[in-house]
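> Here's a structure for you.
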Amino acid sequence: MNIRYLMSVMLLACGVAQAQDVFPSRSITMIVPFPPGGVADVTGRPTAAALEKVLKQPVGVANRPGAGGAVGNAAAANAKPDGYTVLMALSSITVIPEADKLFNRKPAYTLDQLAPIALISADPMILVVHPSLPVRTVKEVIALARKQPGELSYSSSGVYGALHMPMEMFLHAAKLKMRHVPTTGGGPAITQLLGGHVTMTAGGPAAITSHVKAGKLRTIVTWGAERHPNYKDVPTFKEQGMDIVYYIWAGMFVPVATPEPVVKVLRDAVRQAVSDSDFKGQMAKVNSPVNYLDAPDFAKYVDTDAKRLAAVVKVVGKIGN
Amino acid sequence: MVETFNSLMMGFAVAFEPRVFMYAVAGCVIGTLVGMLPGLGPLAGISLLLPATFGLDPIIAIVLLAGVYYGAMYGGSTTSILMRIPGEAASVMTCVDGYAMTQNGRAGPALAIAAIGSFFAGTVGVIGLMLMAPTLASFALRFGPPEYTALLLMGLFVLAYMSGGSMLKTLAMAIFGLLLGMIGIDVMTGYTRFSFGLVELGDGVGIVPVAVGLFGISEILIAAGQAEPPKVQRPKLRELIPSREEFRLSVGPIIRGSLLGFAIGIIPGSAHVISSFVSYGVERRLSKHPERFGKGAIEGVAGPESANNSAATGAFVPMLALGIPTGPVTAVMIAAIMVHGILPGPMLIEQQPELFWGFVASMYVGNLVLLILNLPMVGLFVNLLRIPYAYLYPCILAFCILGGYSVSNSVTDVWIMLGMGAIGYLLRKFSFDLAPVALGLVLGPMLELSLRQSLALSGGTYAIFLQRPIALTMFVLALLLLALALKPVMFKSKDWRSNVGLEDPPGS
Amino acid sequence: MAESSEPPQQEVSSSLKSDRVSGLVLLVLAGWIVWLNSEFPLGTLADPGPGYVPLLLALGLGVIGLLVAFFGGDSEPLRAIRWTEARRAVVILIACAVLTFALERIGYRLSVFAFLVFFLGVVERKKPVPMLLVSAGFSIVSFHVVAVMLGVPLPRGPWGF
């Protein structure tokens with residue numbers, strides 16, 4: 001049924017004239033800088049659908065994957081600032097320019113090219129170990145790592161990626177050394193752990209739930225500021241006396257030169273969209289509860305996150321040097 | 001056994017519910033169409049359809065996507081055989097002998113054997129999936145980076161059997177492919193290599209644009225300018241059906257290809273794309289007349305086509321039994337059921353028996369539908385060749401550019417495709433083989449990554465490759481393969497030069 | 001080599017062989033890659049850096065290039081390679097490049113239509129009616145299938161077409 005709906009939407013998009021003043025007078029494109037099925041995509045699509053209801057204009061999703069999100073982020077940053085191009089970015093948006101700086105690369109985009117609209121969701125990372133590892137608490141992990149320095153290993157979704165950053169925060173805070181096995185994504189990182197090739201990794205709640213329930217992975221501690229509602233028994237790093245927090249979040253941005261009235265329309269639309277019950281239901285299904293923040297608060301949030309991650313990137317430095 | 005049978009019957013009950021069945025057929029049809037668009041393959045197909053499934057039942061969503069996936073696999077072989085345009089990495093080898101068969105006027109048999117081989121392989125795959133998914137999946141998990149390295153090395157040694165041309169030139173092309181695979185962000189360190197400042201090259205060059213350029217575009221560049229346009233073929237009905245001899249030659253490759261493909265397919269990661277290359281190498285090695293390969297040997301179509309289809313089914317084993325994505329395609333499928341609140345994982349088969357068994361049953365149904373759909377269409381497809389080439393090639397070019405663009409909504413892939421077309425044209429003029437480039441490109445990034453991951457795991461000692469039984473066994477096998485490949489070079493010392501340099505004997 | 005009677009035998013044997021040329025081109029390519037690769041840390045055998053594997057491969061390519069050139073004595077002479085279709089090939093590549101460039105600027109349907117008109121009308125000199133029918137039909141139908149039914153956001157031009 002949805003196919004037919006989609007088709008009618010696309011047809012509508014063809015027919016709508018564009019010479020109207022009120023925003024939005026034609027279809028909006030939401031750039032998702034990751035492939036279909038990723039976190040950004042499963043957050044972006046319901047958001048787009050909910051926005052469509054509010055704005056009464058089609059909101060189409062365009063996946064522009066590549067280079068860990070850099071391609072899509074850059075495409076949005078350099079898009080025409082008229083509000084008809086919006087971006088559903090993940091937290092990696094703040095790390096990519098930092099990594100570019102580190103390697104003296106011409107940055108694909110800079111953070112100040114984009115204006116935050118709203119935070120949609122934020123999931124804390126959880127430290128999971130292979131059940132064969134004789135540890136249950138973070139203190140035991142640290143003790144074990146001290147006993148065998150440089151022997152334990154962890155997998156990640158790629159260097160400076162969403163699983164690498166929190167692990168480095170932890171290792172730095174606890175002054176530990178571990179072997180790092182980067183992989184090509186969150187899925188492969190967990191596969192390495194399930195196969196027992198590495199001893200631990202950081203994982204988002206959605207990615208680990210079924211494995212934890214089946215006893216194939218053991219949760220240790222979470223990077224959340226407070227305990228996750230679905231993981232009441234997993235303590236936070238803060239409770240364990242380490243001040244480290246890491247969320248993988250998804251939020252909406254527009255090019256920075258987008259006119260203020262248009263930004264306001266979009267902000268209001270997102271505010272209404274996130275309280276839509278269909279939208280909430282869809283987000284709950286992918287295990288990623290809505291965590292809405294409006295533009296001013298979201299800007300502060302991005303800022304704090306960017307500073308925190310920039311520090312981690314500096315600590316990690318160039319790998320292989 | 002009885003339990004499996006009962007569950008399967010329950011599955012068939014689900015699969016034959018009118019709505020489910022309808023979507024399974026729709027998926028197969030859409031998939032076949034998508035697969036036939038040059039440049040669009042299974043991954044593009046299911047990615048494009050994924051959003052449309054969000055509003056459907058989870059079982060329907062997954063049945064539809066699986067249908068698209070299979071259908072695109074079938075459809076990909078059609079363009080490979082008729083126009084030398086691979087829709088995905090797995091049909092690169094089909095291009096070689098399949099297209100040669102088309103030029104010999106045997107397009108019909110090639111298509112028919114591809115369809116029959118795919119059907120057989122798909123069925124073998126589903127039976128394997130049904131009977132052994134949990135066992136196989138936990139075995140597959142033991143494939144860590146060292147095992148992967150060994151597997152990929154074995155894939156690399158297939159090169160020795162891949163082409164009849166000069167060994168040196170084959171190696172040169174393979175290294176060229178491996179080097180192409182180095183483009184992009186280095187996963188281990190984050191350095192961007194050889195990207196010339198283009199962000200779009202961060203993820204490297206995709207195999208599909210490269211393969212379409214090297215094989216498809218270069219063919220058009222060579223054919224379109226001929227003084228005489230390629231002959232329009234008017235096949236008779238009798239020529240559509242494989243001869244008894246062709247059937248006889250295909251049985252072995254189909255069976256071997258199916259088993260081999262399934263074995264490689266269950267391993268998590270993207271290694272399943274090498275299954276068709278390996279199958280081609282195996283068949284050429286086993287053949288009594290290896291010189292026929294590359295010139296329209298039906299075994300060169302039957303083996304790889306079967307291998308890639310059973311590998312496609314094999315890839316579902318870890319996905320359904322463990323809930324882990326084995327590659328981009330299964331990652332999209334997992335997303336398709338996750339948005340319905342179903343968490344794929346080790347408990348999926350117990351918690352969602354209807355989903356699992358319905359899916360298994362619908363795969364049987366889908367395979368059958370595709371066979372029924374494809375065999376009569378062979379005649380139709382072959383008639384595409386009746387279109388005068390002057391009309392055909394501009395449309396193929398436009399299709400290739402459309403396909404290249406659609407994969408990630410960007411023209412970068414199209415530029416890569418055109419560049420590769422030019423390179424492929426020049427390489428063919430200088431009689432270089434192109435298939436090794438594709439194999440190199442597929443293997444390059446995976447091989448480098450798994451080697452360096454292994455060393456990261458072991459803290460830098462190569463002993464890790466010897467300490468792990470599976471890896472060790474595979475290394476020994478790989479060495480044996482290499483020794484077998486080198487044997488003719490070592491022992492026929494009197495014309496060693498013809499093996500190293502030019503193998504084309506004066507007679508051919 | 002159908003024209004074996006034409007050139008004197010000595011000139012054929014002394015003329016440049018195709019494999020000599022391609023081998024040397026591979027060598028140059030390898031050298032260029034080694035040079036490009038010099039900006040990446042090599043690492044060690046135990047801990048290969050981003051430049052390690054590419055360097056090994058480029059060196060291998062260079063060696064093989066040399067070998068191809070060395071053993072290339074019996075290969076086809078360079079001048080025996082016929083370039084009859086080369087001019088058409090260049091035309092095709094340029095037309096494809098123009099189409100690619102135009103795609104995001106004037107939209108899919110217009111640029112593909114122009115592309116087909118160019119090939120069918122100018123290059124292949126087909127009659128106007130079938131030429132226009134095929135060009136228009138192809139661009140509209142393919143757009144409908146891919147953009148509307150499959151939902152790929154194909155580019156539209158400034159006039160929304």
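Residue names in the structure tokens use chain letters A, B, ... in the order shown, residue numbers from 1 in each chain, and ligand numbers from 1 in the order shown.
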I need the chain C residues near chain A as a JSON list (two decimals) with C-alpha atoms, in the first residue's frame; criterion: at most 12 Å, counting only C-alpha atoms.


[["chain", "number", "residue", "atom", "x", "y", "z"],
["C", 39, "GLU", "CA", 52.94, 10.68, 2.05],
["C", 40, "PHE", "CA", 51.58, 7.76, 4.09],
["C", 41, "PRO", "CA", 53.43, 6.18, 6.98],
["C", 42, "LEU", "CA", 54.76, 2.77, 6.06],
["C", 43, "GLY", "CA", 54.68, 1.08, 9.43],
["C", 44, "THR", "CA", 56.50, -2.20, 9.86],
["C", 46, "ALA", "CA", 54.41, -6.45, 12.21],
["C", 47, "ASP", "CA", 52.29, -3.32, 12.14],
["C", 48, "PRO", "CA", 51.74, -2.28, 8.54],
["C", 49, "GLY", "CA", 50.67, 1.34, 8.17],
["C", 50, "PRO", "CA", 48.43, 2.82, 5.50],
["C", 51, "GLY", "CA", 51.31, 2.98, 3.01],
["C", 52, "TYR", "CA", 52.62, -0.55, 3.46],
["C", 143, "PHE", "CA", 12.40, 8.33, -15.61],
["C", 144, "HIS", "CA", 8.99, 7.05, -14.72],
["C", 145, "VAL", "CA", 10.23, 3.58, -13.81],
["C", 146, "VAL", "CA", 13.27, 4.65, -11.81],
["C", 147, "ALA", "CA", 12.23, 7.94, -10.27],
["C", 148, "VAL", "CA", 8.53, 7.40, -9.76],
["C", 149, "MET", "CA", 8.20, 3.69, -9.18],
["C", 150, "LEU", "CA", 11.51, 2.98, -7.49],
["C", 151, "GLY", "CA", 11.69, 6.35, -5.77],
["C", 152, "VAL", "CA", 15.24, 7.31, -6.79],
["C", 153, "PRO", "CA", 15.46, 11.10, -6.61],
["C", 154, "LEU", "CA", 16.69, 11.60, -10.18],
["C", 155, "PRO", "CA", 17.77, 15.16, -10.86],
["C", 156, "ARG", "CA", 15.23, 17.61, -12.23],
["C", 157, "GLY", "CA", 16.27, 20.66, -14.11],
["C", 158, "PRO", "CA", 15.64, 24.28, -13.17],
["C", 159, "TRP", "CA", 12.27, 24.01, -14.94],
["C", 160, "GLY", "CA", 11.25, 21.10, -12.77],
["C", 161, "PHE", "CA", 11.61, 18.68, -15.65]]

> Pick out the chain B residues within 6 Å of chain C. Count only C-alpha atoms. Give them as a list in words.

Ala172, Leu221, Gly225, Gln226 and Gly460 of chain B

> Counting only C-alpha atoms, what is within 12 Å of stretch 294-297 of chain B, bar same-chain residues fewer than 4 positions away, as a ChimeraX atom specification?

/B:81,93-107,109-110,113,161-165,245-247,249-250,253,280-281,283-284,287-290,301-304,433-435,508

> If you count only C-alpha atoms, which residues fall within 6 Å of stretch 256-259 of chain A, apart from same-chain ones fewer than 5 positions away, as JSON, numbers by chain?

{"A": [81, 82, 113, 114, 115]}

> Just the selected residues (C-alpha atoms), exported as a PDB file, in the first residue's frame, please.


ATOM      1  CA  PRO A  81      20.057  27.564   1.850  1.00  0.00           C
ATOM      2  CA  ASP A  82      16.344  27.754   1.117  1.00  0.00           C
ATOM      3  CA  GLN A 113      28.285  25.706   7.683  1.00  0.00           C
ATOM      4  CA  LEU A 114      25.307  24.006   9.314  1.00  0.00           C
ATOM      5  CA  ALA A 115      22.639  25.338  11.636  1.00  0.00           C
TER       6      ALA A 115
END

> Find the residues of chain B in contact range of chain A, meaning any atom within 7 Å when counting only C-alpha atoms, and list them as number ranges by chain.

B: 47, 52, 55, 141-142, 144, 187-190, 199-200, 202-203, 324-325, 331-332, 335, 338-341, 343-347, 408-409, 453, 456-457

> Residues of the last selection are to be written out with N, CA and C atoms, as a compact mmCIF listing (two decimals), in the first residue's frame.


# COMPACT_ATOMS: atom_id res chain seq x y z
N SER B 47 17.79 -1.69 -1.50
CA SER B 47 17.88 -0.40 -0.81
C SER B 47 16.77 0.52 -1.28
N ALA B 52 9.69 1.43 1.06
CA ALA B 52 8.33 1.04 0.73
C ALA B 52 7.84 -0.09 1.61
N GLY B 55 5.71 0.13 5.68
CA GLY B 55 4.30 0.08 6.02
C GLY B 55 3.70 -1.32 5.92
N LEU B 141 30.79 -18.10 12.71
CA LEU B 141 31.29 -17.06 13.61
C LEU B 141 32.77 -17.24 13.92
N ARG B 142 33.25 -18.47 13.79
CA ARG B 142 34.65 -18.70 14.11
C ARG B 142 35.58 -18.13 13.05
N GLY B 144 37.27 -15.40 12.07
CA GLY B 144 37.76 -14.08 12.44
C GLY B 144 38.70 -13.58 11.36
N VAL B 187 40.67 1.89 6.72
CA VAL B 187 39.86 1.59 7.90
C VAL B 187 40.70 1.52 9.17
N MET B 188 41.93 1.05 9.04
CA MET B 188 42.75 0.85 10.24
C MET B 188 43.26 2.16 10.83
N THR B 189 43.51 3.17 10.00
CA THR B 189 44.13 4.37 10.53
C THR B 189 43.37 5.65 10.24
N GLY B 190 42.45 5.63 9.29
CA GLY B 190 41.72 6.84 8.98
C GLY B 190 42.37 7.71 7.92
N VAL B 199 35.92 13.94 -1.67
CA VAL B 199 35.28 13.28 -0.54
C VAL B 199 34.58 12.00 -0.99
N GLU B 200 34.01 12.05 -2.19
CA GLU B 200 33.23 10.91 -2.68
C GLU B 200 34.07 9.65 -2.82
N GLY B 202 36.07 8.68 -0.64
CA GLY B 202 36.41 8.22 0.70
C GLY B 202 36.11 6.74 0.91
N ASP B 203 35.01 6.27 0.36
CA ASP B 203 34.67 4.86 0.52
C ASP B 203 35.26 4.00 -0.58
N ILE B 324 23.10 -11.31 12.71
CA ILE B 324 24.18 -10.42 12.34
C ILE B 324 24.19 -10.25 10.83
N PRO B 325 24.46 -9.01 10.40
CA PRO B 325 24.50 -8.77 8.97
C PRO B 325 25.77 -9.35 8.38
N ALA B 331 22.29 -6.44 5.84
CA ALA B 331 22.12 -5.32 6.77
C ALA B 331 20.83 -4.59 6.48
N VAL B 332 20.54 -4.41 5.19
CA VAL B 332 19.28 -3.74 4.82
C VAL B 332 18.09 -4.60 5.23
N ALA B 335 17.43 -4.28 8.84
CA ALA B 335 16.74 -3.03 9.11
C ALA B 335 15.26 -3.16 8.79
N MET B 338 13.72 -4.87 11.63
CA MET B 338 13.86 -4.12 12.88
C MET B 338 12.85 -2.99 13.00
N VAL B 339 12.53 -2.33 11.89
CA VAL B 339 11.59 -1.22 11.99
C VAL B 339 10.20 -1.71 12.39
N HIS B 340 10.01 -3.02 12.39
CA HIS B 340 8.74 -3.56 12.84
C HIS B 340 8.83 -4.01 14.29
N GLY B 341 9.93 -3.67 14.94
CA GLY B 341 10.07 -4.02 16.34
C GLY B 341 10.53 -5.44 16.56
N LEU B 343 13.56 -7.89 16.76
CA LEU B 343 15.00 -7.84 16.83
C LEU B 343 15.57 -9.14 16.30
N PRO B 344 16.24 -9.07 15.18
CA PRO B 344 16.86 -10.29 14.70
C PRO B 344 17.99 -10.66 15.65
N GLY B 345 18.08 -11.91 15.98
CA GLY B 345 19.11 -12.32 16.92
C GLY B 345 19.07 -13.81 17.06
N PRO B 346 19.86 -14.34 17.99
CA PRO B 346 19.93 -15.80 18.12
C PRO B 346 18.59 -16.43 18.46
N MET B 347 17.65 -15.63 18.97
CA MET B 347 16.38 -16.20 19.40
C MET B 347 15.31 -16.09 18.32
N SER B 408 24.16 5.81 -5.57
CA SER B 408 24.23 6.66 -4.38
C SER B 408 23.89 8.10 -4.71
N ASN B 409 22.99 8.29 -5.67
CA ASN B 409 22.53 9.62 -6.02
C ASN B 409 23.67 10.58 -6.26
N GLN B 453 43.96 -6.46 10.51
CA GLN B 453 43.17 -6.75 11.71
C GLN B 453 43.79 -7.93 12.47
N ALA B 456 46.64 -6.74 14.32
CA ALA B 456 46.22 -5.95 15.47
C ALA B 456 45.78 -6.86 16.60
N LEU B 457 45.13 -7.96 16.24
CA LEU B 457 44.66 -8.92 17.24
C LEU B 457 45.83 -9.62 17.93

> Mind giving me the straight-line distance from atom CA of B:Ala311 to atom CA of B:Ser275 in Å, one decimal?

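Interatomic distance here is 7.0 Å.
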
> When you draw a straight line from atom CA of B:Asp186 to atom CA of B:Arg452, how long is it in Å?

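Value for the atom CA of B:Asp186-atom CA of B:Arg452 distance: 10.8 Å.
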
> Please identify which residues in stretch 34-212 of chain B DSSP calls strand (DSSP E) from the backbone, and express them as an mmCIF file with C-alpha atoms, in the first residue's frame.


data_model
loop_
_atom_site.group_PDB
_atom_site.id
_atom_site.type_symbol
_atom_site.label_atom_id
_atom_site.label_comp_id
_atom_site.auth_asym_id
_atom_site.auth_seq_id
_atom_site.Cartn_x
_atom_site.Cartn_y
_atom_site.Cartn_z
ATOM 1 C CA GLY B 184 39.636 5.553 -0.040
ATOM 2 C CA ILE B 185 39.785 5.848 3.718
ATOM 3 C CA THR B 192 42.489 8.906 3.025
ATOM 4 C CA ARG B 193 44.524 7.276 0.311
#

> Pick out the residues sitting within 9 Å of B:Ser118, and hand them over as a VMD selection string; count only C-alpha atoms, and ignore anything fewer than 4 positions along from it in its own chain.

chain B and resid 73 to 74 113 to 114 122 to 123 254 258 302 305 to 310 367 371

> Any chance you could export the current selection's N, CA and C atoms as a tab-separated table (two decimals), in the first residue's frame?


chain	number	residue	atom	x	y	z
B	73	MET	N	19.46	-10.98	-8.71
B	73	MET	CA	20.55	-11.91	-9.01
B	73	MET	C	20.32	-12.58	-10.38
B	74	TYR	N	19.06	-12.97	-10.60
B	74	TYR	CA	18.73	-13.58	-11.89
B	74	TYR	C	18.89	-12.55	-13.01
B	113	ILE	N	20.58	-21.97	-19.03
B	113	ILE	CA	21.42	-22.67	-18.06
B	113	ILE	C	21.62	-21.80	-16.82
B	114	ALA	N	21.78	-20.48	-17.02
B	114	ALA	CA	21.92	-19.58	-15.87
B	114	ALA	C	20.69	-19.68	-14.98
B	122	GLY	N	19.75	-22.09	-5.67
B	122	GLY	CA	18.89	-21.47	-4.68
B	122	GLY	C	18.22	-22.52	-3.82
B	123	THR	N	17.78	-23.60	-4.44
B	123	THR	CA	17.11	-24.64	-3.69
B	123	THR	C	18.07	-25.35	-2.74
B	254	ILE	N	27.14	-26.95	-12.05
B	254	ILE	CA	26.02	-26.45	-11.25
B	254	ILE	C	26.09	-27.03	-9.84
B	258	SER	N	27.00	-24.80	-6.62
B	258	SER	CA	26.02	-24.61	-5.55
B	258	SER	C	26.63	-24.88	-4.18
B	302	ALA	N	27.49	-21.77	-16.08
B	302	ALA	CA	26.76	-22.61	-15.13
B	302	ALA	C	27.36	-22.52	-13.73
B	305	GLU	N	27.22	-18.80	-11.98
B	305	GLU	CA	25.85	-18.38	-11.72
B	305	GLU	C	25.25	-19.18	-10.56
B	306	SER	N	25.54	-20.49	-10.53
B	306	SER	CA	25.04	-21.28	-9.41
B	306	SER	C	25.70	-20.85	-8.13
B	307	ALA	N	27.01	-20.63	-8.19
B	307	ALA	CA	27.73	-20.26	-6.97
B	307	ALA	C	27.19	-18.97	-6.40
B	308	ASN	N	26.94	-17.97	-7.25
B	308	ASN	CA	26.52	-16.70	-6.66
B	308	ASN	C	25.12	-16.79	-6.08
B	309	ASN	N	24.27	-17.64	-6.66
B	309	ASN	CA	22.93	-17.75	-6.08
B	309	ASN	C	22.91	-18.51	-4.76
B	310	SER	N	23.69	-19.58	-4.66
B	310	SER	CA	23.65	-20.28	-3.38
B	310	SER	C	24.40	-19.48	-2.33
B	367	ASN	N	12.08	-19.09	-5.70
B	367	ASN	CA	12.97	-19.71	-6.67
B	367	ASN	C	12.20	-20.33	-7.82
B	371	LEU	N	12.12	-19.28	-11.79
B	371	LEU	CA	12.43	-20.22	-12.88
B	371	LEU	C	11.32	-20.17	-13.92

> Atom CA of B:Ala263 and atom CA of B:Val278, how far apart in Å?

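Separating atom CA of B:Val278 from atom CA of B:Ala263 is a distance of 11.7 Å.
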
> Can you tell me, as number ranges by chain, what residues are no more than 10 Å from B:Thr330 when counting only C-alpha atoms, ignoring any on the same chain fewer than 6 positions away?

A: 37; B: 43, 46, 66, 69, 312, 315-316, 318-320, 323-324, 336

> Set the distance at 8 Å and use only C-alpha atoms: which residues neighbour A:Val128 once local chain neighbours fewer than 4 positions away are removed? I'd like the list as a list in words.

Met200, Thr201, Ala202, Gly203, Leu217, Arg218, Thr219, Ile220 and Val221 of chain A

> Can you work out which one of C:Ala95, C:Ser15, C:Ile140, C:Leu132 has the shortest atom-to-atom distance to B:Pro394, counting only C-alpha atoms?

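Of all the options, C:Ala95 lies closest to B:Pro394.
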